[in-house]
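To be precise, the following lines are target_25.cif, and they hold mmCIF, N, CA and C atoms.
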```
data_work
#
loop_
_atom_site.label_atom_id
_atom_site.label_comp_id
_atom_site.auth_asym_id
_atom_site.auth_seq_id
_atom_site.Cartn_x
_atom_site.Cartn_y
_atom_site.Cartn_z
N MET O 184 32.86 -1.84 38.84
CA MET O 184 31.56 -2.20 38.35
C MET O 184 31.60 -2.14 36.83
N GLY O 185 31.23 -3.23 36.17
CA GLY O 185 31.28 -3.29 34.71
C GLY O 185 29.96 -2.88 34.09
N THR O 186 30.04 -2.51 32.86
CA THR O 186 28.81 -2.19 32.12
C THR O 186 28.61 -3.25 31.06
N SER O 187 27.38 -3.56 30.81
CA SER O 187 27.09 -4.55 29.77
C SER O 187 26.25 -3.90 28.69
N LYS O 188 26.46 -4.34 27.50
CA LYS O 188 25.67 -3.84 26.38
C LYS O 188 24.60 -4.87 26.07
N ILE O 189 23.41 -4.38 25.95
CA ILE O 189 22.30 -5.26 25.63
C ILE O 189 21.94 -5.03 24.17
N GLY O 190 22.00 -6.07 23.39
CA GLY O 190 21.63 -5.96 21.97
C GLY O 190 20.12 -6.01 21.83
N ILE O 191 19.62 -5.19 20.97
CA ILE O 191 18.18 -5.15 20.70
C ILE O 191 17.95 -5.80 19.35
N VAL O 192 17.09 -6.78 19.33
CA VAL O 192 16.75 -7.45 18.09
C VAL O 192 15.38 -6.94 17.65
N ARG O 193 15.34 -6.43 16.45
CA ARG O 193 14.07 -5.94 15.92
C ARG O 193 13.57 -6.91 14.86
N THR O 194 12.33 -7.25 14.96
CA THR O 194 11.71 -8.11 13.98
C THR O 194 10.77 -7.25 13.15
N TRP O 195 11.04 -7.20 11.87
CA TRP O 195 10.21 -6.40 10.97
C TRP O 195 9.27 -7.32 10.23
N LEU O 196 8.01 -6.96 10.23
CA LEU O 196 7.04 -7.73 9.47
C LEU O 196 7.03 -7.18 8.05
N VAL O 197 7.13 -8.05 7.10
CA VAL O 197 7.11 -7.65 5.71
C VAL O 197 5.86 -8.26 5.07
N TYR O 198 5.04 -7.40 4.52
CA TYR O 198 3.82 -7.84 3.86
C TYR O 198 4.11 -8.13 2.39
N LYS O 199 3.40 -9.09 1.86
CA LYS O 199 3.48 -9.38 0.43
C LYS O 199 2.45 -8.49 -0.27
N VAL O 200 2.88 -7.75 -1.29
CA VAL O 200 1.98 -6.87 -2.03
C VAL O 200 1.54 -7.59 -3.29
N GLU O 201 0.22 -7.75 -3.43
CA GLU O 201 -0.36 -8.40 -4.60
C GLU O 201 -1.25 -7.40 -5.32
N LEU O 202 -1.17 -7.38 -6.64
CA LEU O 202 -2.05 -6.55 -7.45
C LEU O 202 -3.08 -7.43 -8.14
N LYS O 203 -4.35 -7.07 -8.00
CA LYS O 203 -5.37 -7.76 -8.78
C LYS O 203 -5.08 -7.48 -10.25
N LYS O 204 -5.51 -8.37 -11.11
CA LYS O 204 -5.25 -8.19 -12.54
C LYS O 204 -5.83 -6.87 -13.05
N SER O 205 -7.00 -6.50 -12.56
CA SER O 205 -7.61 -5.24 -13.00
C SER O 205 -6.80 -4.04 -12.53
N ALA O 206 -6.22 -4.12 -11.34
CA ALA O 206 -5.38 -3.02 -10.83
C ALA O 206 -4.08 -2.93 -11.63
N GLN O 207 -3.51 -4.08 -11.96
CA GLN O 207 -2.28 -4.10 -12.74
C GLN O 207 -2.54 -3.52 -14.14
N LYS O 208 -3.65 -3.87 -14.72
CA LYS O 208 -4.02 -3.35 -16.04
C LYS O 208 -4.23 -1.84 -15.98
N ALA O 209 -4.89 -1.38 -14.93
CA ALA O 209 -5.12 0.05 -14.76
C ALA O 209 -3.81 0.81 -14.58
N LEU O 210 -2.89 0.23 -13.79
CA LEU O 210 -1.59 0.86 -13.57
C LEU O 210 -0.83 0.98 -14.88
N LEU O 211 -0.80 -0.08 -15.66
CA LEU O 211 -0.05 -0.06 -16.92
C LEU O 211 -0.68 0.86 -17.97
N GLY O 212 -1.94 1.22 -17.77
CA GLY O 212 -2.61 2.13 -18.70
C GLY O 212 -2.40 3.60 -18.38
N LEU O 213 -1.72 3.88 -17.27
CA LEU O 213 -1.46 5.27 -16.87
C LEU O 213 -0.23 5.81 -17.59
N PRO O 214 -0.10 7.14 -17.65
CA PRO O 214 1.11 7.73 -18.25
C PRO O 214 2.37 7.28 -17.50
N LYS O 215 3.46 7.13 -18.23
CA LYS O 215 4.71 6.62 -17.67
C LYS O 215 5.19 7.39 -16.43
N PRO O 216 5.14 8.74 -16.42
CA PRO O 216 5.59 9.45 -15.20
C PRO O 216 4.74 9.12 -13.97
N ILE O 217 3.46 8.88 -14.19
CA ILE O 217 2.57 8.51 -13.07
C ILE O 217 2.92 7.11 -12.57
N ILE O 218 3.17 6.19 -13.49
CA ILE O 218 3.57 4.83 -13.11
C ILE O 218 4.85 4.89 -12.28
N GLN O 219 5.80 5.70 -12.73
CA GLN O 219 7.08 5.79 -12.03
C GLN O 219 6.94 6.40 -10.64
N SER O 220 5.94 7.24 -10.44
CA SER O 220 5.75 7.82 -9.11
C SER O 220 4.89 6.94 -8.20
N LEU O 221 4.00 6.13 -8.79
CA LEU O 221 3.14 5.27 -7.98
C LEU O 221 3.84 3.97 -7.56
N THR O 222 4.75 3.48 -8.39
CA THR O 222 5.40 2.20 -8.11
C THR O 222 6.15 2.19 -6.77
N PRO O 223 6.96 3.21 -6.44
CA PRO O 223 7.61 3.18 -5.11
C PRO O 223 6.60 3.26 -3.96
N LEU O 224 5.50 3.96 -4.19
CA LEU O 224 4.46 4.06 -3.16
C LEU O 224 3.83 2.69 -2.91
N ILE O 225 3.56 1.97 -3.98
CA ILE O 225 2.99 0.62 -3.87
C ILE O 225 3.99 -0.30 -3.18
N ASP O 226 5.26 -0.22 -3.58
CA ASP O 226 6.29 -1.07 -2.97
C ASP O 226 6.45 -0.78 -1.48
N SER O 227 6.28 0.47 -1.08
CA SER O 227 6.46 0.84 0.33
C SER O 227 5.39 0.23 1.23
N LEU O 228 4.27 -0.19 0.66
CA LEU O 228 3.22 -0.81 1.46
C LEU O 228 3.66 -2.14 2.06
N SER O 229 4.69 -2.76 1.51
CA SER O 229 5.17 -4.02 2.08
C SER O 229 5.79 -3.81 3.46
N GLY O 230 6.37 -2.65 3.69
CA GLY O 230 6.97 -2.36 4.98
C GLY O 230 6.02 -1.67 5.95
N ASN O 231 5.08 -0.92 5.40
CA ASN O 231 4.11 -0.20 6.24
C ASN O 231 2.80 -0.09 5.48
N PRO O 232 1.85 -1.00 5.73
CA PRO O 232 0.58 -0.95 5.01
C PRO O 232 -0.37 0.15 5.50
N TYR O 233 0.04 0.87 6.53
CA TYR O 233 -0.78 1.97 7.06
C TYR O 233 0.04 3.26 7.07
N PRO O 234 0.45 3.75 5.90
CA PRO O 234 1.30 4.95 5.88
C PRO O 234 0.54 6.19 6.31
N SER O 235 1.28 7.22 6.61
CA SER O 235 0.66 8.49 6.98
C SER O 235 -0.22 8.96 5.83
N GLY O 236 -1.43 9.33 6.15
CA GLY O 236 -2.36 9.82 5.13
C GLY O 236 -3.30 8.77 4.57
N CYS O 237 -3.11 7.50 4.95
CA CYS O 237 -4.05 6.49 4.45
C CYS O 237 -5.38 6.65 5.18
N LYS O 238 -6.45 6.35 4.47
CA LYS O 238 -7.78 6.47 5.05
C LYS O 238 -8.51 5.15 4.93
N LYS O 239 -9.19 4.75 6.00
CA LYS O 239 -10.02 3.56 6.00
C LYS O 239 -11.29 3.89 5.23
N LEU O 240 -11.69 3.02 4.32
CA LEU O 240 -12.92 3.24 3.57
C LEU O 240 -14.10 2.70 4.36
N SER O 241 -15.11 3.52 4.52
CA SER O 241 -16.26 3.11 5.31
C SER O 241 -17.07 2.05 4.56
N GLY O 242 -17.60 1.12 5.32
CA GLY O 242 -18.42 0.07 4.75
C GLY O 242 -17.65 -1.10 4.19
N LEU O 243 -16.33 -1.03 4.19
CA LEU O 243 -15.51 -2.12 3.66
C LEU O 243 -14.49 -2.53 4.72
N ASP O 244 -14.48 -3.82 5.05
CA ASP O 244 -13.54 -4.30 6.06
C ASP O 244 -12.12 -4.34 5.50
N HIS O 245 -11.19 -3.88 6.26
CA HIS O 245 -9.75 -3.98 5.95
C HIS O 245 -9.36 -3.23 4.68
N THR O 246 -10.17 -2.27 4.22
CA THR O 246 -9.89 -1.60 2.95
C THR O 246 -9.53 -0.14 3.19
N TYR O 247 -8.47 0.30 2.53
CA TYR O 247 -7.91 1.64 2.72
C TYR O 247 -7.63 2.27 1.37
N ARG O 248 -7.36 3.56 1.39
CA ARG O 248 -6.93 4.25 0.19
C ARG O 248 -5.82 5.22 0.55
N ILE O 249 -4.92 5.39 -0.40
CA ILE O 249 -3.89 6.41 -0.26
C ILE O 249 -3.96 7.29 -1.49
N ARG O 250 -3.64 8.55 -1.28
CA ARG O 250 -3.66 9.55 -2.35
C ARG O 250 -2.25 9.84 -2.81
N HIS O 251 -2.14 10.09 -4.09
CA HIS O 251 -0.89 10.56 -4.66
C HIS O 251 -1.27 11.54 -5.77
N GLY O 252 -1.29 12.81 -5.43
CA GLY O 252 -1.75 13.81 -6.39
C GLY O 252 -3.22 13.57 -6.70
N ASP O 253 -3.53 13.45 -7.98
CA ASP O 253 -4.91 13.19 -8.41
C ASP O 253 -5.22 11.70 -8.52
N TYR O 254 -4.30 10.85 -8.10
CA TYR O 254 -4.48 9.41 -8.24
C TYR O 254 -4.70 8.76 -6.88
N ARG O 255 -5.43 7.65 -6.91
CA ARG O 255 -5.75 6.92 -5.69
C ARG O 255 -5.36 5.46 -5.86
N ILE O 256 -4.94 4.87 -4.74
CA ILE O 256 -4.67 3.44 -4.68
C ILE O 256 -5.59 2.89 -3.59
N VAL O 257 -6.45 1.97 -3.96
CA VAL O 257 -7.38 1.34 -3.01
C VAL O 257 -6.86 -0.07 -2.77
N TYR O 258 -6.73 -0.44 -1.49
CA TYR O 258 -6.14 -1.73 -1.18
C TYR O 258 -6.73 -2.30 0.11
N SER O 259 -6.60 -3.61 0.25
CA SER O 259 -7.02 -4.32 1.46
C SER O 259 -5.80 -4.86 2.17
N VAL O 260 -5.87 -4.88 3.49
CA VAL O 260 -4.77 -5.40 4.31
C VAL O 260 -5.28 -6.60 5.09
N PHE O 261 -4.56 -7.71 4.94
CA PHE O 261 -4.88 -8.93 5.67
C PHE O 261 -3.73 -9.19 6.63
N ASP O 262 -3.86 -8.68 7.85
CA ASP O 262 -2.78 -8.76 8.84
C ASP O 262 -2.45 -10.19 9.24
N THR O 263 -3.43 -11.06 9.29
CA THR O 263 -3.16 -12.43 9.72
C THR O 263 -2.32 -13.20 8.71
N ARG O 264 -2.44 -12.82 7.43
CA ARG O 264 -1.67 -13.49 6.37
C ARG O 264 -0.53 -12.63 5.85
N LEU O 265 -0.38 -11.41 6.38
CA LEU O 265 0.66 -10.47 5.95
C LEU O 265 0.60 -10.21 4.44
N ILE O 266 -0.61 -9.86 3.98
CA ILE O 266 -0.81 -9.57 2.56
C ILE O 266 -1.48 -8.22 2.40
N VAL O 267 -0.98 -7.44 1.44
CA VAL O 267 -1.62 -6.21 0.99
C VAL O 267 -2.07 -6.47 -0.43
N GLN O 268 -3.38 -6.37 -0.66
CA GLN O 268 -3.90 -6.62 -2.00
C GLN O 268 -4.38 -5.31 -2.60
N ILE O 269 -3.75 -4.90 -3.70
CA ILE O 269 -4.14 -3.68 -4.40
C ILE O 269 -5.38 -4.01 -5.22
N ILE O 270 -6.46 -3.27 -4.95
CA ILE O 270 -7.74 -3.55 -5.59
C ILE O 270 -7.94 -2.66 -6.81
N LYS O 271 -7.70 -1.36 -6.64
CA LYS O 271 -7.92 -0.40 -7.72
C LYS O 271 -6.83 0.65 -7.73
N ILE O 272 -6.51 1.13 -8.91
CA ILE O 272 -5.59 2.24 -9.08
C ILE O 272 -6.20 3.12 -10.17
N GLY O 273 -6.27 4.42 -9.91
CA GLY O 273 -6.81 5.29 -10.94
C GLY O 273 -6.93 6.73 -10.52
N HIS O 274 -7.42 7.54 -11.46
CA HIS O 274 -7.65 8.95 -11.21
C HIS O 274 -8.78 9.12 -10.23
N ARG O 275 -8.73 10.15 -9.43
CA ARG O 275 -9.71 10.35 -8.36
C ARG O 275 -11.13 10.46 -8.88
N LYS O 276 -11.31 10.94 -10.11
CA LYS O 276 -12.67 11.09 -10.65
C LYS O 276 -13.29 9.74 -11.04
N ASP O 277 -12.45 8.73 -11.24
CA ASP O 277 -12.94 7.43 -11.71
C ASP O 277 -12.85 6.32 -10.67
N ILE O 278 -12.08 6.50 -9.64
CA ILE O 278 -11.73 5.38 -8.76
C ILE O 278 -12.90 4.80 -7.97
N TYR O 279 -13.87 5.59 -7.61
CA TYR O 279 -14.95 5.10 -6.74
C TYR O 279 -16.18 4.67 -7.52
N ARG O 280 -16.08 4.60 -8.82
CA ARG O 280 -17.23 4.18 -9.65
C ARG O 280 -17.34 2.68 -9.73
#
```

Do you think you could lay out the structure here as structure tokens?
Amino acid sequence: MGTSKIGIVRTWLVYKVELKKSAQKALLGLPKPIIQSLTPLIDSLSGNPYPSGCKKLSGLDHTYRIRHGDYRIVYSVFDTRLIVQIIKIGHRKDIYR
């Protein structure tokens, strides 16, 4: 009796990450160490737009936030178009204003 190996093909969905101009401007206005720590977090959203610790914002469709220390990234996820749009980036005291 022979054994057969079955290959498993995995299809990974990759989202396109877009930053609104205001979010890009806010990111570039942050201290360099903060930019360096937030950039990999933003890039990781292309592979997983719902990382551990993300929270859905009430009252807004498809909008989430992730925390990184005292900083927040607010973004929308459009699953049908495979797009993550970064809306706001900033310190927690200013982000929801």

- request: Give me the residues within 12 Å of Ser235 of chain O as a PyMOL selection string, counting only C-alpha atoms and dropping any in the same chain fewer than 6 places off.
  value: chain O and resi 224+227-228+247-251

query: Pick the closest to Val257 of chain O from O:Ala206, O:Ile225, O:Ile270, O:Cys237: which is it, counting all atoms listed in the file?
result: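 Looking at the shortest contact to Val257 of chain O, the residue is O:Ile270.
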
Residue members of the PyMOL selection byres ((chain O and resi 253) around 6) in the file shown, as a PyMOL selection string: chain O and resi 251-252+254-255+273-275

message: Can you measure atom C of Lys208 of chain O to atom N of Ile272 of chain O for me? One decimal in Å is fine.
response: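 Atom N of Ile272 of chain O lies at a distance of 8.0 Å from atom C of Lys208 of chain O.
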
task: May I have the residues within 7 Å of Gly230 of chain O as a list in words, using only N, CA and C atoms and disregarding those fewer than 3 positions away in the same chain?
output: Leu196, Val197, Tyr198, Asp226, Ser227 and Tyr233 of chain O

Could you write out that same residue set with N, CA and C atoms as a CSV table (one decimal), keeping the file's coordinate frame?
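Output (selection_15.csv):
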```csv
chain,number,residue,atom,x,y,z
O,196,LEU,N,8.0,-7.0,10.2
O,196,LEU,CA,7.0,-7.7,9.5
O,196,LEU,C,7.0,-7.2,8.0
O,197,VAL,N,7.1,-8.0,7.1
O,197,VAL,CA,7.1,-7.6,5.7
O,197,VAL,C,5.9,-8.3,5.1
O,198,TYR,N,5.0,-7.4,4.5
O,198,TYR,CA,3.8,-7.8,3.9
O,198,TYR,C,4.1,-8.1,2.4
O,226,ASP,N,5.3,-0.2,-3.6
O,226,ASP,CA,6.3,-1.1,-3.0
O,226,ASP,C,6.4,-0.8,-1.5
O,227,SER,N,6.3,0.5,-1.1
O,227,SER,CA,6.5,0.8,0.3
O,227,SER,C,5.4,0.2,1.2
O,233,TYR,N,0.0,0.9,6.5
O,233,TYR,CA,-0.8,2.0,7.1
O,233,TYR,C,0.0,3.3,7.1
```

- prompt: Just asking: which residues within segment 202-272 of chain O are strand (DSSP E) according to DSSP, as a PyMOL selection string?
  reply: chain O and resi 202+238-239+246-251+254-261+266-272

query: For the atom pair atom CA of Ser229 of chain O and atom N of Lys215 of chain O, what is the interatomic distance in Å to one decimal place?
result: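 Between these atoms lies a distance of 23.2 Å.
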
task: Could you please write out, as number ranges by chain, every residue of segment 207-279 of chain O that DSSP assigns to alpha helix (DSSP H)?
output: O: 207-211, 215-227

Here's the selection I'm unsure about, the PyMOL selection byres (((chain O and resi 202 and name CA) around 12) and name CA); applied to the file above, which residues does it give, as a JSON list (two decimals) with N, CA and C atoms, keeping the file's coordinate frame?
```
[["chain", "number", "residue", "atom", "x", "y", "z"],
["O", 199, "LYS", "N", 3.40, -9.09, 1.86],
["O", 199, "LYS", "CA", 3.48, -9.38, 0.43],
["O", 199, "LYS", "C", 2.45, -8.49, -0.27],
["O", 200, "VAL", "N", 2.88, -7.75, -1.29],
["O", 200, "VAL", "CA", 1.98, -6.87, -2.03],
["O", 200, "VAL", "C", 1.54, -7.59, -3.29],
["O", 201, "GLU", "N", 0.22, -7.75, -3.43],
["O", 201, "GLU", "CA", -0.36, -8.40, -4.60],
["O", 201, "GLU", "C", -1.25, -7.40, -5.32],
["O", 203, "LYS", "N", -4.35, -7.07, -8.00],
["O", 203, "LYS", "CA", -5.37, -7.76, -8.78],
["O", 203, "LYS", "C", -5.08, -7.48, -10.25],
["O", 204, "LYS", "N", -5.51, -8.37, -11.11],
["O", 204, "LYS", "CA", -5.25, -8.19, -12.54],
["O", 204, "LYS", "C", -5.83, -6.87, -13.05],
["O", 205, "SER", "N", -7.00, -6.50, -12.56],
["O", 205, "SER", "CA", -7.61, -5.24, -13.00],
["O", 205, "SER", "C", -6.80, -4.04, -12.53],
["O", 206, "ALA", "N", -6.22, -4.12, -11.34],
["O", 206, "ALA", "CA", -5.38, -3.02, -10.83],
["O", 206, "ALA", "C", -4.08, -2.93, -11.63],
["O", 207, "GLN", "N", -3.51, -4.08, -11.96],
["O", 207, "GLN", "CA", -2.28, -4.10, -12.74],
["O", 207, "GLN", "C", -2.54, -3.52, -14.14],
["O", 208, "LYS", "N", -3.65, -3.87, -14.72],
["O", 208, "LYS", "CA", -4.02, -3.35, -16.04],
["O", 208, "LYS", "C", -4.23, -1.84, -15.98],
["O", 209, "ALA", "N", -4.89, -1.38, -14.93],
["O", 209, "ALA", "CA", -5.12, 0.05, -14.76],
["O", 209, "ALA", "C", -3.81, 0.81, -14.58],
["O", 210, "LEU", "N", -2.89, 0.23, -13.79],
["O", 210, "LEU", "CA", -1.59, 0.86, -13.57],
["O", 210, "LEU", "C", -0.83, 0.98, -14.88],
["O", 211, "LEU", "N", -0.80, -0.08, -15.66],
["O", 211, "LEU", "CA", -0.05, -0.06, -16.92],
["O", 211, "LEU", "C", -0.68, 0.86, -17.97],
["O", 222, "THR", "N", 4.75, 3.48, -8.39],
["O", 222, "THR", "CA", 5.40, 2.20, -8.11],
["O", 222, "THR", "C", 6.15, 2.19, -6.77],
["O", 225, "ILE", "N", 3.56, 1.97, -3.98],
["O", 225, "ILE", "CA", 2.99, 0.62, -3.87],
["O", 225, "ILE", "C", 3.99, -0.30, -3.18],
["O", 226, "ASP", "N", 5.26, -0.22, -3.58],
["O", 226, "ASP", "CA", 6.29, -1.07, -2.97],
["O", 226, "ASP", "C", 6.45, -0.78, -1.48],
["O", 228, "LEU", "N", 4.27, -0.19, 0.66],
["O", 228, "LEU", "CA", 3.22, -0.81, 1.46],
["O", 228, "LEU", "C", 3.66, -2.14, 2.06],
["O", 256, "ILE", "N", -4.94, 4.87, -4.74],
["O", 256, "ILE", "CA", -4.67, 3.44, -4.68],
["O", 256, "ILE", "C", -5.59, 2.89, -3.59],
["O", 257, "VAL", "N", -6.45, 1.97, -3.96],
["O", 257, "VAL", "CA", -7.38, 1.34, -3.01],
["O", 257, "VAL", "C", -6.86, -0.07, -2.77],
["O", 258, "TYR", "N", -6.73, -0.44, -1.49],
["O", 258, "TYR", "CA", -6.14, -1.73, -1.18],
["O", 258, "TYR", "C", -6.73, -2.30, 0.11],
["O", 259, "SER", "N", -6.60, -3.61, 0.25],
["O", 259, "SER", "CA", -7.02, -4.32, 1.46],
["O", 259, "SER", "C", -5.80, -4.86, 2.17],
["O", 266, "ILE", "N", -0.61, -9.86, 3.98],
["O", 266, "ILE", "CA", -0.81, -9.57, 2.56],
["O", 266, "ILE", "C", -1.48, -8.22, 2.40],
["O", 267, "VAL", "N", -0.98, -7.44, 1.44],
["O", 267, "VAL", "CA", -1.62, -6.21, 0.99],
["O", 267, "VAL", "C", -2.07, -6.47, -0.43],
["O", 268, "GLN", "N", -3.38, -6.37, -0.66],
["O", 268, "GLN", "CA", -3.90, -6.62, -2.00],
["O", 268, "GLN", "C", -4.38, -5.31, -2.60],
["O", 269, "ILE", "N", -3.75, -4.90, -3.70],
["O", 269, "ILE", "CA", -4.14, -3.68, -4.40],
["O", 269, "ILE", "C", -5.38, -4.01, -5.22],
["O", 270, "ILE", "N", -6.46, -3.27, -4.95],
["O", 270, "ILE", "CA", -7.74, -3.55, -5.59],
["O", 270, "ILE", "C", -7.94, -2.66, -6.81],
["O", 271, "LYS", "N", -7.70, -1.36, -6.64],
["O", 271, "LYS", "CA", -7.92, -0.40, -7.72],
["O", 271, "LYS", "C", -6.83, 0.65, -7.73],
["O", 272, "ILE", "N", -6.51, 1.13, -8.91],
["O", 272, "ILE", "CA", -5.59, 2.24, -9.08],
["O", 272, "ILE", "C", -6.20, 3.12, -10.17]]
```

task: Give me, please, the distance in Å between atom C of Pro232 of chain O and atom C of Val260 of chain O, quoted to one decimal.
output: 8.4 Å

Using all atoms of segment 200-211 of chain O listed in the file and a margin of 6 Å per side, can you give the axis-aligned box centre and edge lengths in Å to one decimal, as lines of an AutoDock Vina configuration file?
```
center_x = -2.4
center_y = -3.7
center_z = -9.6
size_x = 22.5
size_y = 21.4
size_z = 28.7
```
